[in-house]
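A.B. asks: The file below is input.cif, mmCIF, C-alpha atoms and all ligand atoms:
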```
data_work
loop_
_atom_site.label_atom_id
_atom_site.label_comp_id
_atom_site.auth_asym_id
_atom_site.auth_seq_id
_atom_site.Cartn_x
_atom_site.Cartn_y
_atom_site.Cartn_z
CA MET A 8 -7.95 43.84 -3.23
CA THR A 9 -11.62 44.37 -2.37
CA THR A 10 -11.94 44.37 1.42
CA PRO A 11 -13.39 41.03 2.66
CA PRO A 12 -17.15 41.62 3.06
CA THR A 13 -17.32 39.78 6.41
CA GLU A 14 -15.21 40.20 9.55
CA PRO A 15 -13.35 36.99 10.55
CA THR A 16 -15.54 36.77 13.66
CA GLY A 17 -18.73 37.19 11.60
CA VAL A 18 -18.20 34.27 9.21
CA THR A 19 -20.94 31.64 9.36
CA LYS A 20 -20.67 30.05 5.88
CA VAL A 21 -17.58 28.20 4.73
CA THR A 22 -17.05 26.40 1.42
CA CYS A 23 -14.71 23.41 1.02
CA VAL A 24 -13.73 22.45 -2.53
CA GLY A 25 -12.21 19.00 -2.92
CA ALA A 26 -13.49 16.60 -0.26
CA GLY A 27 -10.89 13.84 0.07
CA VAL A 28 -8.68 13.17 3.08
CA ILE A 29 -7.94 16.85 3.75
CA GLY A 30 -11.04 18.57 2.30
CA GLY A 31 -13.21 16.09 4.23
CA GLY A 32 -11.16 16.77 7.34
CA TRP A 33 -11.70 20.52 6.92
CA VAL A 34 -15.45 19.90 6.49
CA ALA A 35 -15.51 17.96 9.79
CA HIS A 36 -13.52 20.72 11.51
CA PHE A 37 -15.73 23.59 10.35
CA LEU A 38 -18.92 21.67 11.13
CA ALA A 39 -17.66 20.92 14.64
CA ARG A 40 -16.82 24.59 15.15
CA GLY A 41 -20.42 25.54 14.32
CA TYR A 42 -20.22 26.75 10.71
CA ASP A 43 -22.60 26.09 7.83
CA VAL A 44 -20.42 24.16 5.40
CA THR A 45 -20.94 23.72 1.68
CA ALA A 46 -18.72 21.16 -0.05
CA TRP A 47 -18.10 20.36 -3.70
CA ASP A 48 -16.06 17.53 -5.22
CA PRO A 49 -16.36 16.25 -8.81
CA ALA A 50 -15.87 12.53 -7.97
CA PRO A 51 -19.03 10.45 -8.47
CA ASP A 52 -18.66 8.77 -5.06
CA ALA A 53 -17.59 11.95 -3.24
CA ARG A 54 -20.88 12.41 -1.37
CA GLU A 55 -20.78 8.97 0.30
CA LYS A 56 -17.04 9.19 1.02
CA LEU A 57 -17.42 12.61 2.63
CA ARG A 58 -20.32 11.48 4.83
CA ARG A 59 -18.26 8.44 5.90
CA LEU A 60 -15.25 10.61 6.75
CA VAL A 61 -17.33 13.10 8.77
CA ASP A 62 -19.14 10.29 10.60
CA ALA A 63 -15.82 8.64 11.46
CA ALA A 64 -14.43 11.94 12.78
CA TRP A 65 -17.51 12.98 14.76
CA PRO A 66 -16.96 10.83 17.92
CA ALA A 67 -13.51 12.41 18.33
CA LEU A 68 -14.99 15.88 17.82
CA ILE A 69 -17.72 15.22 20.42
CA GLN A 70 -14.99 14.23 22.88
CA LEU A 71 -13.19 17.50 22.22
CA GLY A 72 -16.43 19.48 22.61
CA LEU A 73 -18.58 20.80 19.77
CA ALA A 74 -19.23 24.54 19.39
CA GLU A 75 -22.77 25.66 20.20
CA GLY A 76 -25.15 24.73 17.38
CA ALA A 77 -22.61 22.48 15.65
CA SER A 78 -24.28 19.77 13.62
CA ARG A 79 -23.53 17.40 10.76
CA ASP A 80 -26.91 18.51 9.35
CA ARG A 81 -25.35 21.87 8.55
CA LEU A 82 -23.41 20.27 5.67
CA THR A 83 -24.67 20.94 2.14
CA ILE A 84 -23.12 19.11 -0.78
CA ALA A 85 -23.39 21.31 -3.86
CA GLY A 86 -23.94 20.04 -7.40
CA THR A 87 -21.53 22.50 -9.01
CA LEU A 88 -18.51 24.55 -8.04
CA GLU A 89 -20.42 27.76 -8.86
CA GLU A 90 -23.30 26.80 -6.56
CA ALA A 91 -20.82 25.89 -3.79
CA CYS A 92 -19.11 29.30 -3.92
CA ALA A 93 -22.10 31.59 -4.55
CA GLU A 94 -22.64 32.50 -0.87
CA ALA A 95 -19.24 31.61 0.54
CA GLN A 96 -17.66 33.84 3.18
CA PHE A 97 -14.43 31.82 3.05
CA VAL A 98 -13.25 29.11 0.64
CA GLN A 99 -10.77 26.30 1.43
CA GLU A 100 -9.47 24.46 -1.66
CA SER A 101 -8.18 20.88 -1.12
CA ALA A 102 -7.95 19.41 -4.62
CA PRO A 103 -5.16 17.04 -5.77
CA GLU A 104 -1.57 18.27 -5.60
CA LYS A 105 -1.09 19.02 -9.31
CA LEU A 106 0.10 22.46 -10.28
CA ASP A 107 -1.93 22.89 -13.49
CA LEU A 108 -5.07 21.64 -11.80
CA LYS A 109 -4.60 24.06 -8.89
CA ARG A 110 -3.95 26.99 -11.27
CA ASP A 111 -7.14 26.36 -13.24
CA LEU A 112 -9.24 25.56 -10.19
CA LEU A 113 -8.15 28.66 -8.27
CA ALA A 114 -9.06 30.79 -11.30
CA ARG A 115 -12.50 29.14 -11.44
CA LEU A 116 -12.97 29.63 -7.69
CA ASP A 117 -11.99 33.28 -8.03
CA ALA A 118 -14.58 33.75 -10.77
CA ALA A 119 -17.34 32.01 -8.77
CA THR A 120 -16.77 33.54 -5.31
CA PRO A 121 -18.18 36.94 -4.18
CA PRO A 122 -15.63 39.80 -4.43
CA GLY A 123 -13.19 40.12 -1.56
CA VAL A 124 -13.90 36.70 -0.06
CA VAL A 125 -10.60 35.02 0.82
CA ILE A 126 -9.72 31.73 -0.92
CA ALA A 127 -7.12 29.46 0.72
CA SER A 128 -5.33 26.46 -0.76
CA SER A 129 -4.37 23.42 1.35
CA THR A 130 -1.35 22.74 -0.89
CA SER A 131 1.47 20.87 0.84
CA GLY A 132 4.20 22.75 -0.93
CA TYR A 133 3.37 24.79 -4.05
CA PRO A 134 4.11 28.48 -3.58
CA MET A 135 0.98 30.59 -4.12
CA THR A 136 3.00 32.71 -6.55
CA ASP A 137 3.04 29.70 -8.88
CA MET A 138 -0.66 28.90 -8.41
CA GLN A 139 -2.27 32.35 -8.65
CA THR A 140 -1.16 32.99 -12.24
CA GLU A 141 -4.53 32.46 -13.96
CA ALA A 142 -6.87 34.21 -11.50
CA ALA A 143 -8.48 37.57 -12.31
CA ASP A 144 -8.07 38.66 -8.68
CA PRO A 145 -4.94 36.93 -7.29
CA SER A 146 -4.87 39.32 -4.31
CA ARG A 147 -7.30 37.20 -2.29
CA LEU A 148 -5.56 33.85 -2.91
CA LEU A 149 -3.24 32.42 -0.26
CA VAL A 150 -1.98 29.16 1.22
CA GLY A 151 -3.61 27.78 4.38
CA HIS A 152 -1.61 24.57 4.86
CA PRO A 153 -3.22 22.15 7.34
CA PHE A 154 -2.05 18.91 8.93
CA ASN A 155 -3.83 15.61 8.78
CA PRO A 156 -6.42 15.39 10.18
CA PRO A 157 -7.37 19.09 10.07
CA TYR A 158 -10.15 18.45 12.61
CA LEU A 159 -7.58 17.47 15.28
CA ILE A 160 -4.14 18.88 14.47
CA PRO A 161 -4.30 22.59 15.32
CA LEU A 162 -1.57 24.01 13.06
CA VAL A 163 -2.26 25.97 9.85
CA GLU A 164 0.62 27.67 8.01
CA VAL A 165 -0.60 30.83 6.28
CA VAL A 166 1.40 32.48 3.52
CA GLY A 167 0.58 34.63 0.52
CA GLY A 168 2.15 34.78 -2.93
CA GLU A 169 3.77 37.72 -4.68
CA ARG A 170 0.36 39.02 -5.79
CA THR A 171 -1.54 38.31 -2.54
CA ALA A 172 -2.71 41.33 -0.53
CA GLY A 173 -1.36 41.63 3.02
CA GLU A 174 -4.94 42.34 4.09
CA ALA A 175 -6.01 38.89 2.85
CA VAL A 176 -3.21 37.17 4.78
CA GLU A 177 -4.15 39.06 7.96
CA TRP A 178 -7.83 38.27 7.47
CA ALA A 179 -7.17 34.53 6.95
CA SER A 180 -4.85 34.26 9.95
CA ARG A 181 -7.46 35.87 12.17
CA PHE A 182 -10.25 33.76 10.68
CA TYR A 183 -8.39 30.47 11.29
CA GLU A 184 -7.74 31.53 14.88
CA VAL A 185 -11.42 32.30 15.42
CA ALA A 186 -12.17 28.89 13.90
CA GLY A 187 -10.03 27.22 16.55
CA LYS A 188 -6.77 26.71 14.67
CA SER A 189 -3.23 27.47 15.76
CA VAL A 190 -1.72 29.75 13.12
CA ILE A 191 1.79 30.47 11.91
CA THR A 192 1.73 33.41 9.50
CA MET A 193 4.80 33.45 7.28
CA ASP A 194 6.04 36.75 5.85
CA ARG A 195 7.64 35.10 2.79
CA GLU A 196 7.33 31.99 0.65
CA VAL A 197 9.72 29.25 1.72
CA PRO A 198 9.90 25.84 -0.03
CA GLY A 199 7.84 23.38 2.04
CA PHE A 200 6.70 26.15 4.40
CA ILE A 201 8.10 25.37 7.89
CA ALA A 202 6.74 22.07 9.15
CA ASN A 203 6.82 20.14 5.88
CA ARG A 204 10.38 21.23 5.29
CA LEU A 205 11.30 19.72 8.65
CA GLN A 206 9.12 16.64 8.14
CA GLU A 207 10.57 16.02 4.72
CA ALA A 208 14.12 15.90 6.07
CA LEU A 209 13.08 13.15 8.45
CA TRP A 210 10.97 11.36 5.82
CA ARG A 211 13.79 11.41 3.26
CA GLU A 212 16.17 9.80 5.76
CA ALA A 213 13.54 7.17 6.69
CA LEU A 214 13.20 6.21 3.01
CA HIS A 215 16.99 6.00 2.62
CA MET A 216 17.24 3.70 5.64
CA VAL A 217 14.51 1.37 4.33
CA ALA A 218 15.99 1.41 0.82
CA ASN A 219 19.39 0.40 2.21
CA GLY A 220 18.04 -2.19 4.64
CA GLU A 221 19.43 -0.19 7.57
CA ALA A 222 16.14 -0.13 9.49
CA THR A 223 12.65 -1.56 9.13
CA VAL A 224 9.49 0.52 8.89
CA LYS A 225 8.60 -0.58 12.43
CA GLU A 226 11.99 0.37 13.82
CA ILE A 227 11.73 3.79 12.22
CA ASP A 228 8.25 4.35 13.63
CA ASP A 229 9.20 3.05 17.10
CA SER A 230 12.31 5.23 17.13
CA ILE A 231 10.05 8.29 16.98
CA THR A 232 7.03 7.21 19.07
CA GLU A 233 9.24 5.78 21.85
CA GLY A 234 11.82 8.54 21.54
CA PRO A 235 11.82 12.14 20.27
CA GLY A 236 8.11 12.10 19.33
CA LEU A 237 7.16 12.04 23.02
CA ARG A 238 9.06 15.29 23.58
CA TRP A 239 7.97 16.99 20.36
CA ALA A 240 4.27 16.91 21.33
CA PHE A 241 4.88 19.75 23.77
CA MET A 242 8.44 21.05 23.23
CA GLY A 243 9.94 21.67 19.79
CA PRO A 244 13.31 20.38 18.57
CA CYS A 245 15.20 23.58 19.44
CA LEU A 246 14.22 23.88 23.11
CA THR A 247 14.46 20.11 23.46
CA PHE A 248 18.06 20.21 22.27
CA ALA A 249 18.80 23.20 24.51
CA LEU A 250 18.20 20.77 27.36
CA ALA A 251 20.76 18.41 25.80
CA GLY A 252 23.36 20.99 26.87
CA GLY A 253 22.43 20.59 30.55
CA GLU A 254 22.93 23.74 32.62
CA GLY A 255 24.88 25.20 29.71
CA GLY A 256 21.75 25.10 27.55
CA MET A 257 21.95 25.59 23.78
CA GLY A 258 25.40 27.23 23.99
CA HIS A 259 26.99 24.13 25.48
CA MET A 260 24.90 21.85 23.25
CA LEU A 261 26.28 23.58 20.12
CA ASP A 262 29.88 23.65 21.40
CA HIS A 263 29.68 20.00 22.37
CA PHE A 264 27.67 18.46 19.51
CA GLY A 265 27.89 21.13 16.82
CA PRO A 266 30.96 19.61 15.12
CA SER A 267 29.07 16.31 14.61
CA LEU A 268 26.75 18.19 12.26
CA LYS A 269 29.58 17.79 9.78
CA SER A 270 29.52 14.00 10.20
CA PRO A 271 27.83 12.28 7.28
CA TRP A 272 24.71 11.23 9.20
CA THR A 273 22.26 12.46 6.63
CA ARG A 274 22.13 12.09 2.89
CA LEU A 275 20.41 15.34 1.83
CA GLU A 276 19.34 14.10 -1.63
CA ALA A 277 15.99 12.29 -1.82
CA PRO A 278 16.25 8.60 -2.69
CA GLU A 279 14.92 7.23 -5.97
CA LEU A 280 11.35 6.12 -5.24
CA ASP A 281 11.63 2.96 -7.36
CA ALA A 282 9.32 -0.06 -7.26
CA ALA A 283 11.50 -1.91 -4.76
CA LEU A 284 11.44 0.96 -2.27
CA ARG A 285 7.71 1.45 -2.80
CA ASP A 286 7.09 -2.24 -2.09
CA ALA A 287 9.36 -2.21 0.95
CA MET A 288 7.43 0.75 2.42
CA VAL A 289 4.00 -0.70 1.65
CA ASP A 290 4.90 -4.18 2.97
CA GLY A 291 6.61 -2.69 6.02
CA CYS A 292 3.53 -0.61 6.85
CA ASP A 293 1.27 -3.66 6.45
CA GLU A 294 3.51 -5.55 8.83
CA ALA A 295 3.66 -2.67 11.32
CA ALA A 296 -0.16 -2.36 11.25
CA GLU A 297 -0.39 -5.93 12.63
CA GLY A 298 -3.81 -6.57 11.12
CA ARG A 299 -5.30 -3.15 11.92
CA THR A 300 -7.25 -1.65 9.02
CA ILE A 301 -6.90 1.98 7.88
CA ALA A 302 -10.17 2.74 9.71
CA ASP A 303 -8.74 1.13 12.90
CA LEU A 304 -5.58 3.22 12.57
CA VAL A 305 -7.57 6.43 11.97
CA ALA A 306 -9.59 5.78 15.15
CA GLU A 307 -6.39 4.98 17.08
CA ARG A 308 -4.66 8.11 15.78
CA ASP A 309 -7.65 10.32 16.59
CA GLN A 310 -7.83 9.02 20.15
CA GLY A 311 -4.07 9.42 20.55
CA VAL A 312 -4.15 13.04 19.37
CA ILE A 313 -7.08 13.82 21.67
CA ASP A 314 -5.24 12.29 24.63
CA VAL A 315 -2.14 14.35 23.86
CA LEU A 316 -4.15 17.58 23.37
CA ARG A 317 -5.92 16.93 26.65
CA ALA A 318 -2.75 16.01 28.55
CA THR A 319 -0.98 19.15 27.34
CA GLY A 320 -3.95 21.50 27.98
CA ARG A 321 -4.56 22.31 24.31
CA LEU A 322 -8.21 21.56 23.69
CA PRO A 323 -9.65 23.57 20.77
CA LYS A 324 -11.41 26.86 21.29
CA GLY A 325 -13.39 29.22 19.06
CA GLY A 326 -16.15 28.63 16.50
CA ALA A 327 -18.80 30.53 14.56
CA GLU A 328 -20.82 33.06 16.58
N1 LIG B 401 -3.06 14.05 2.66
C1 LIG B 401 -2.36 14.83 3.50
O1 LIG B 401 -1.81 14.37 4.51
C2 LIG B 401 -2.27 16.31 3.26
C3 LIG B 401 -2.63 16.86 2.05
N2 LIG B 401 -2.57 18.24 1.90
C4 LIG B 401 -2.96 18.85 0.63
O2 LIG B 401 -4.37 18.81 0.52
C5 LIG B 401 -4.75 18.72 -0.86
C6 LIG B 401 -5.65 17.53 -1.06
O3 LIG B 401 -4.95 16.36 -0.73
P1 LIG B 401 -5.70 15.04 -0.22
O4 LIG B 401 -6.94 15.39 0.49
O5 LIG B 401 -4.67 14.22 0.45
O6 LIG B 401 -6.07 14.34 -1.60
P2 LIG B 401 -7.26 13.31 -1.92
O7 LIG B 401 -6.87 12.60 -3.14
O8 LIG B 401 -7.60 12.54 -0.70
O9 LIG B 401 -8.49 14.28 -2.24
C7 LIG B 401 -8.53 15.12 -3.33
C8 LIG B 401 -9.98 15.32 -3.70
O10 LIG B 401 -10.07 16.30 -4.73
C9 LIG B 401 -11.06 15.89 -5.64
N3 LIG B 401 -10.82 16.54 -6.92
C10 LIG B 401 -10.27 16.04 -8.06
N4 LIG B 401 -10.25 16.98 -9.03
C11 LIG B 401 -10.80 18.09 -8.48
C12 LIG B 401 -11.08 19.38 -8.99
N5 LIG B 401 -10.76 19.74 -10.22
N6 LIG B 401 -11.68 20.28 -8.17
C13 LIG B 401 -11.99 19.95 -6.90
N7 LIG B 401 -11.76 18.75 -6.37
C14 LIG B 401 -11.16 17.82 -7.14
C15 LIG B 401 -10.96 14.38 -5.68
O11 LIG B 401 -12.16 13.81 -6.15
C16 LIG B 401 -10.66 14.04 -4.23
O12 LIG B 401 -11.83 13.80 -3.49
C17 LIG B 401 -3.45 18.66 -1.65
O13 LIG B 401 -3.11 19.94 -2.10
C18 LIG B 401 -2.45 18.16 -0.63
O14 LIG B 401 -1.14 18.55 -0.92
C19 LIG B 401 -2.21 19.08 2.91
C20 LIG B 401 -1.88 18.57 4.13
C21 LIG B 401 -1.83 17.15 4.40
C1 LIG B 402 2.37 13.99 3.32
N1 LIG B 402 2.15 15.47 3.25
C2 LIG B 402 3.34 16.10 2.72
C3 LIG B 402 1.02 15.68 2.35
C4 LIG B 402 1.88 15.89 4.64
C5 LIG B 402 1.49 17.31 4.86
O1 LIG B 402 1.44 18.15 3.98
C6 LIG B 402 1.19 17.74 6.25
C7 LIG B 402 0.86 16.66 7.25
O2 LIG B 402 -0.29 16.36 7.49
O3 LIG B 402 1.82 16.12 7.84
#
```
Before anything else, please render the file you have as C-alpha cells.
C.D. replies:
Amino acid sequence: MTTPPTEPTGVTKVTCVGAGVIGGGWVAHFLARGYDVTAWDPAPDAREKLRRLVDAAWPALIQLGLAEGASRDRLTIAGTLEEACAEAQFVQESAPEKLDLKRDLLARLDAATPPGVVIASSTSGYPMTDMQTEAADPSRLLVGHPFNPPYLIPLVEVVGGERTAGEAVEWASRFYEVAGKSVITMDREVPGFIANRLQEALWREALHMVANGEATVKEIDDSITEGPGLRWAFMGPCLTFALAGGEGGMGHMLDHFGPSLKSPWTRLEAPELDAALRDAMVDGCDEAAEGRTIADLVAERDQGVIDVLRATGRLPKGGAE
C-alpha cells in the first residue's frame, strides 16, 4: 500500500460517487463539516436530486452547527468519474447494492484516484474481500458503512477485506472521527457487520409478524418507539438487559430469563418476500404515515434525531481544518 498522501486531519477535498439517498447524505455531511465535496452520479437527473437532498438536509445541519467555512457552494458536481476522483483526498462510494457493479466501480475508482488515497464503500453488507477482486490496488479499499441519514446518525462501521492494508483501515477510522463520525473499527469481516446484523434480526421478525397477520405495521413501529427504542438511543441492548436483572444485574437476568431463549419466539429464517407481503408492508406504511409525505417524514425524522442527539449530549464535532 502506498502511504496515504494526506494526514486524516489535513483532508480538505472529499469525493462522493453515487449520489442517491446515502451518497447525497454523505455529501450533505461533508459539506456541513467544512470540506470541498465533489460528487459524481451517472443518472441524468442526479444533479437536481442531489441539490434537493442537500437543501432538505441543510436546516437540520444548521441547527446542529456548521463547521467554520461550511457552505453548500463548496459542492462541485463532476461530469465524469475520472474528473471527480482526480484531486480526491478521500473517496466514498455509494452506488447501488449490486456485487458486480461494486466490483467494476471500485476498480474504476482505484484507477482514477491518486495513489494511496483511501476509497471506502457504503455497502450495507458485502464483504470487501468480495468487492476488491478487480482492483489493481485492493490495499486501499475498505468498507465505511453509514446509517441513514449519514449527516445525522453518527455511526460508521469500518472494516477491511483480506487484501486491505491495516494502514488504510487506521487512516479511514481516524479520518471519519476527524469528520465528526462515531467509528467502530472491526478487526474481521462479519456478515452484516455489527449493527445491520442486529437490525436484520428485528426486521426479519417484523416481516414474519406482518406476513402472518400477527401485528400491523403500526403496532410494530409503536412497539419500538414507545418501548425499547427509547432506551436504545442512549443505552444498548446489553446494558439495558443487565438492568432487567435488578440488583443482580446481567448474572441474574441470564439465570432468570436465559432459559426462555430456547422458547420458539423467533423464526431465524427470513420470510419469503412475496407480492402479498410486499403489499402488506407498503399499505401498512402508507396507513402509518397518516397522510405525511416522504419529505414530511424526512423532516420529522431529522428533527427527532437532532432532539435525541441534543438531549443525550452528542452533538457532532470535528470538520476540515
Ligand atoms: N438506503 C440506506 O438506508 C442505506 C444504504 N447503504 C448503502 O449505500 C449504497 C447506496 O444505497 P442508496 O443510496 O440507498 O441507493 P440509491 O438507489 O438511493 O442511490 C444509488 C445511486 O447510485 C447511482 N448509480 C447507479 N449506477 C452507478 C454507478 N455505476 N456508479 C456510481 N453511481 C451509480 C444511482 O444513479 C443512484 O443515484 C448501497 O451500497 C447501500 O447498501 C448503506 C446504509 C444505509
Ligand atoms: C436498509 N439497510 C440495510 C440498507 C439499512 C442500513 O444499511 C443501515 C441503516 O441506515 O439502518
A.B. asks: Compare A:Ala179, A:Ala39, A:Met138, A:Val163 by their minimum atom-to-atom distance to Thr13 in chain A, counting only C-alpha atoms, and give me the closest one.
C.D. replies: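 Checking each candidate against Thr13 in chain A, we get A:Ala179 as the closest.
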A.B. asks: Produce the centre coordinates and the three edge lengths, each in Å to one decimal, of the box along x, y and z that contains all listed atoms of ligand LIG 402 (chain B) with 5 Å added on each side, as JSON.
C.D. replies:
```
{"center_x": 1.5, "center_y": 16.1, "center_z": 5.1, "size_x": 13.6, "size_y": 14.2, "size_z": 15.5}
```
A.B. asks: In Å, with one decimal, what is the gap from atom O1 of ligand LIG 401 (chain B) to CA of Glu207 in chain A?
C.D. replies: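 According to the coordinates, atom O1 of ligand LIG 401 (chain B) and CA of Glu207 in chain A are separated by 12.5 Å.
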A.B. asks: Of the residues A:Val315, A:Val124, A:Leu148, A:Leu159, which is the one nearest to Phe37 in chain A, using all atoms listed in the file?
C.D. replies: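 When distances to Phe37 in chain A are compared using all atoms listed in the file, the smallest one comes from A:Leu159.
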A.B. asks: Within 6 Å of ligand LIG 402 (chain B), counting all atoms listed in the file: which residues, as a PyMOL selection string?
C.D. replies: chain A and resi 131+154-155
A.B. asks: Looking at all atoms listed in the file, which of A:Met135, A:Cys23, A:Ile29, A:Val312 is the one that sits closest to ligand LIG 401 (chain B)?
C.D. replies: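 Distance minimum relative to ligand LIG 401 (chain B) lands on A:Ile29.
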A.B. asks: Could you give me, as a list in words, the residues within 10 Å of Val125 in chain A, counting all atoms listed in the file and dropping anything in the same chain fewer than 3 positions from it?
C.D. replies: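 My list of contacting residues is Thr9, Thr10, Pro11, Pro12, Thr13, Ala95, Gln96, Phe97, Val98, Gln99, Asp117, Thr120, Pro121, Pro122, Ser146, Arg147, Leu148, Leu149, Glu174, Ala175, Val176, Trp178, Ala179 and Phe182 of chain A.
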A.B. asks: Write out as a PDB file with C-alpha atoms, in the coordinates of the input the residues lying within 12 Å of Asp137 in chain A, counting all atoms listed in the file and excluding same-chain residues fewer than 6 positions away.
C.D. replies:
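Generated file (part-v8.pdb):
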```pdb
ATOM      1  CA  LYS A 105      -1.090  19.020  -9.310  1.00  0.00           C
ATOM      2  CA  LEU A 106       0.100  22.460 -10.280  1.00  0.00           C
ATOM      3  CA  ASP A 107      -1.930  22.890 -13.490  1.00  0.00           C
ATOM      4  CA  LEU A 108      -5.070  21.640 -11.800  1.00  0.00           C
ATOM      5  CA  LYS A 109      -4.600  24.060  -8.890  1.00  0.00           C
ATOM      6  CA  ARG A 110      -3.950  26.990 -11.270  1.00  0.00           C
ATOM      7  CA  ASP A 111      -7.140  26.360 -13.240  1.00  0.00           C
ATOM      8  CA  LEU A 113      -8.150  28.660  -8.270  1.00  0.00           C
ATOM      9  CA  THR A 130      -1.350  22.740  -0.890  1.00  0.00           C
ATOM     10  CA  PRO A 145      -4.940  36.930  -7.290  1.00  0.00           C
ATOM     11  CA  LEU A 148      -5.560  33.850  -2.910  1.00  0.00           C
ATOM     12  CA  LEU A 149      -3.240  32.420  -0.260  1.00  0.00           C
ATOM     13  CA  VAL A 150      -1.980  29.160   1.220  1.00  0.00           C
ATOM     14  CA  GLY A 167       0.580  34.630   0.520  1.00  0.00           C
ATOM     15  CA  GLY A 168       2.150  34.780  -2.930  1.00  0.00           C
ATOM     16  CA  GLU A 169       3.770  37.720  -4.680  1.00  0.00           C
ATOM     17  CA  ARG A 170       0.360  39.020  -5.790  1.00  0.00           C
ATOM     18  CA  THR A 171      -1.540  38.310  -2.540  1.00  0.00           C
ATOM     19  CA  GLU A 196       7.330  31.990   0.650  1.00  0.00           C
ATOM     20  CA  PRO A 198       9.900  25.840  -0.030  1.00  0.00           C
TER      21      PRO A 198
END
```
A.B. asks: Calculate how many Å separate CA of Leu275 in chain A from CA of Glu221 in chain A, rounding to one decimal.
C.D. replies: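 We find that CA of Leu275 in chain A and CA of Glu221 in chain A lie 16.6 Å from each other.
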A.B. asks: What's the separation between atom O10 of ligand LIG 401 (chain B) and CA of Tyr158 in chain A, in Å to one decimal place?
C.D. replies: 17.5 Å
A.B. asks: From the set A:His215, A:Arg204, A:Arg40, A:Arg238, which residue has the shortest atom-to-atom contact distance to Glu276 in chain A, counting only C-alpha atoms?
C.D. replies: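 Once distances to Glu276 in chain A are computed over only C-alpha atoms, the minimum belongs to A:His215.
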A.B. asks: Which residues of range 85-197 of chain A come within 8 Å of range 46-51 of chain A, and for each one, what is the closest pair of atoms and their distance in Å to one decimal, counting only C-alpha atoms, sorted by chain and residue number, as CSV?
C.D. replies:
```
residue,atom,partner,partner_atom,distance
A:Ala85,CA,A:Trp47,CA,5.4
A:Gly86,CA,A:Trp47,CA,6.9
A:Thr87,CA,A:Trp47,CA,6.7
A:Leu88,CA,A:Trp47,CA,6.0
A:Ala91,CA,A:Trp47,CA,6.2
```
A.B. asks: Store the residues picked out above, limited to C-alpha atoms, as a PDB file, in the frame of the given file.
C.D. replies:
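Saved result, part.pdb, follows:
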```pdb
ATOM      1  CA  ALA A  85     -23.390  21.310  -3.860  1.00  0.00           C
ATOM      2  CA  GLY A  86     -23.940  20.040  -7.400  1.00  0.00           C
ATOM      3  CA  THR A  87     -21.530  22.500  -9.010  1.00  0.00           C
ATOM      4  CA  LEU A  88     -18.510  24.550  -8.040  1.00  0.00           C
ATOM      5  CA  ALA A  91     -20.820  25.890  -3.790  1.00  0.00           C
TER       6      ALA A  91
END
```
A.B. asks: Measuring between only C-alpha atoms and all ligand atoms, which one of A:Gly199, A:Gly30, A:Gly252, A:Gly187 shows the shortest distance to ligand LIG 401 (chain B)?
C.D. replies: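 Under the stated criterion, the closest residue is A:Gly30.
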A.B. asks: Which residue gives the smallest distance to ligand LIG 401 (chain B) among A:Glu100, A:Glu294, A:Asp228, A:Glu14, with only C-alpha atoms and all ligand atoms counted?
C.D. replies: A:Glu100
A.B. asks: N, CA and C atoms for range 144-156 of chain A, written as a PDB file, in the coordinates of the input, could you do that?
C.D. replies:
```
ATOM      1  N   ASP A 144      -8.439  37.924  -9.890  1.00  0.00           N
ATOM      2  CA  ASP A 144      -8.070  38.660  -8.680  1.00  0.00           C
ATOM      3  C   ASP A 144      -7.172  37.784  -7.795  1.00  0.00           C
ATOM      4  N   PRO A 145      -5.851  37.776  -8.081  1.00  0.00           N
ATOM      5  CA  PRO A 145      -4.940  36.930  -7.290  1.00  0.00           C
ATOM      6  C   PRO A 145      -4.736  37.459  -5.872  1.00  0.00           C
ATOM      7  N   SER A 146      -5.199  38.691  -5.597  1.00  0.00           N
ATOM      8  CA  SER A 146      -4.870  39.320  -4.310  1.00  0.00           C
ATOM      9  C   SER A 146      -5.550  38.625  -3.137  1.00  0.00           C
ATOM     10  N   ARG A 147      -6.596  37.842  -3.414  1.00  0.00           N
ATOM     11  CA  ARG A 147      -7.300  37.200  -2.290  1.00  0.00           C
ATOM     12  C   ARG A 147      -6.943  35.721  -2.167  1.00  0.00           C
ATOM     13  N   LEU A 148      -5.960  35.257  -2.946  1.00  0.00           N
ATOM     14  CA  LEU A 148      -5.560  33.850  -2.910  1.00  0.00           C
ATOM     15  C   LEU A 148      -4.328  33.667  -2.026  1.00  0.00           C
ATOM     16  N   LEU A 149      -4.375  32.678  -1.151  1.00  0.00           N
ATOM     17  CA  LEU A 149      -3.240  32.420  -0.260  1.00  0.00           C
ATOM     18  C   LEU A 149      -3.208  30.949   0.103  1.00  0.00           C
ATOM     19  N   VAL A 150      -2.109  30.539   0.740  1.00  0.00           N
ATOM     20  CA  VAL A 150      -1.980  29.160   1.220  1.00  0.00           C
ATOM     21  C   VAL A 150      -2.426  29.110   2.679  1.00  0.00           C
ATOM     22  N   GLY A 151      -3.260  28.098   2.992  1.00  0.00           N
ATOM     23  CA  GLY A 151      -3.610  27.780   4.380  1.00  0.00           C
ATOM     24  C   GLY A 151      -3.311  26.299   4.540  1.00  0.00           C
ATOM     25  N   HIS A 152      -2.060  25.980   4.864  1.00  0.00           N
ATOM     26  CA  HIS A 152      -1.610  24.570   4.860  1.00  0.00           C
ATOM     27  C   HIS A 152      -1.941  23.883   6.191  1.00  0.00           C
ATOM     28  N   PRO A 153      -2.815  22.858   6.116  1.00  0.00           N
ATOM     29  CA  PRO A 153      -3.220  22.150   7.340  1.00  0.00           C
ATOM     30  C   PRO A 153      -2.396  20.894   7.557  1.00  0.00           C
ATOM     31  N   PHE A 154      -2.709  20.185   8.618  1.00  0.00           N
ATOM     32  CA  PHE A 154      -2.050  18.910   8.930  1.00  0.00           C
ATOM     33  C   PHE A 154      -3.130  17.857   9.177  1.00  0.00           C
ATOM     34  N   ASN A 155      -2.843  16.674   8.761  1.00  0.00           N
ATOM     35  CA  ASN A 155      -3.830  15.610   8.780  1.00  0.00           C
ATOM     36  C   ASN A 155      -3.963  14.968  10.160  1.00  0.00           C
ATOM     37  N   PRO A 156      -5.175  14.890  10.736  1.00  0.00           N
ATOM     38  CA  PRO A 156      -6.420  15.390  10.180  1.00  0.00           C
ATOM     39  C   PRO A 156      -6.702  16.825  10.634  1.00  0.00           C
TER      40      PRO A 156
END
```
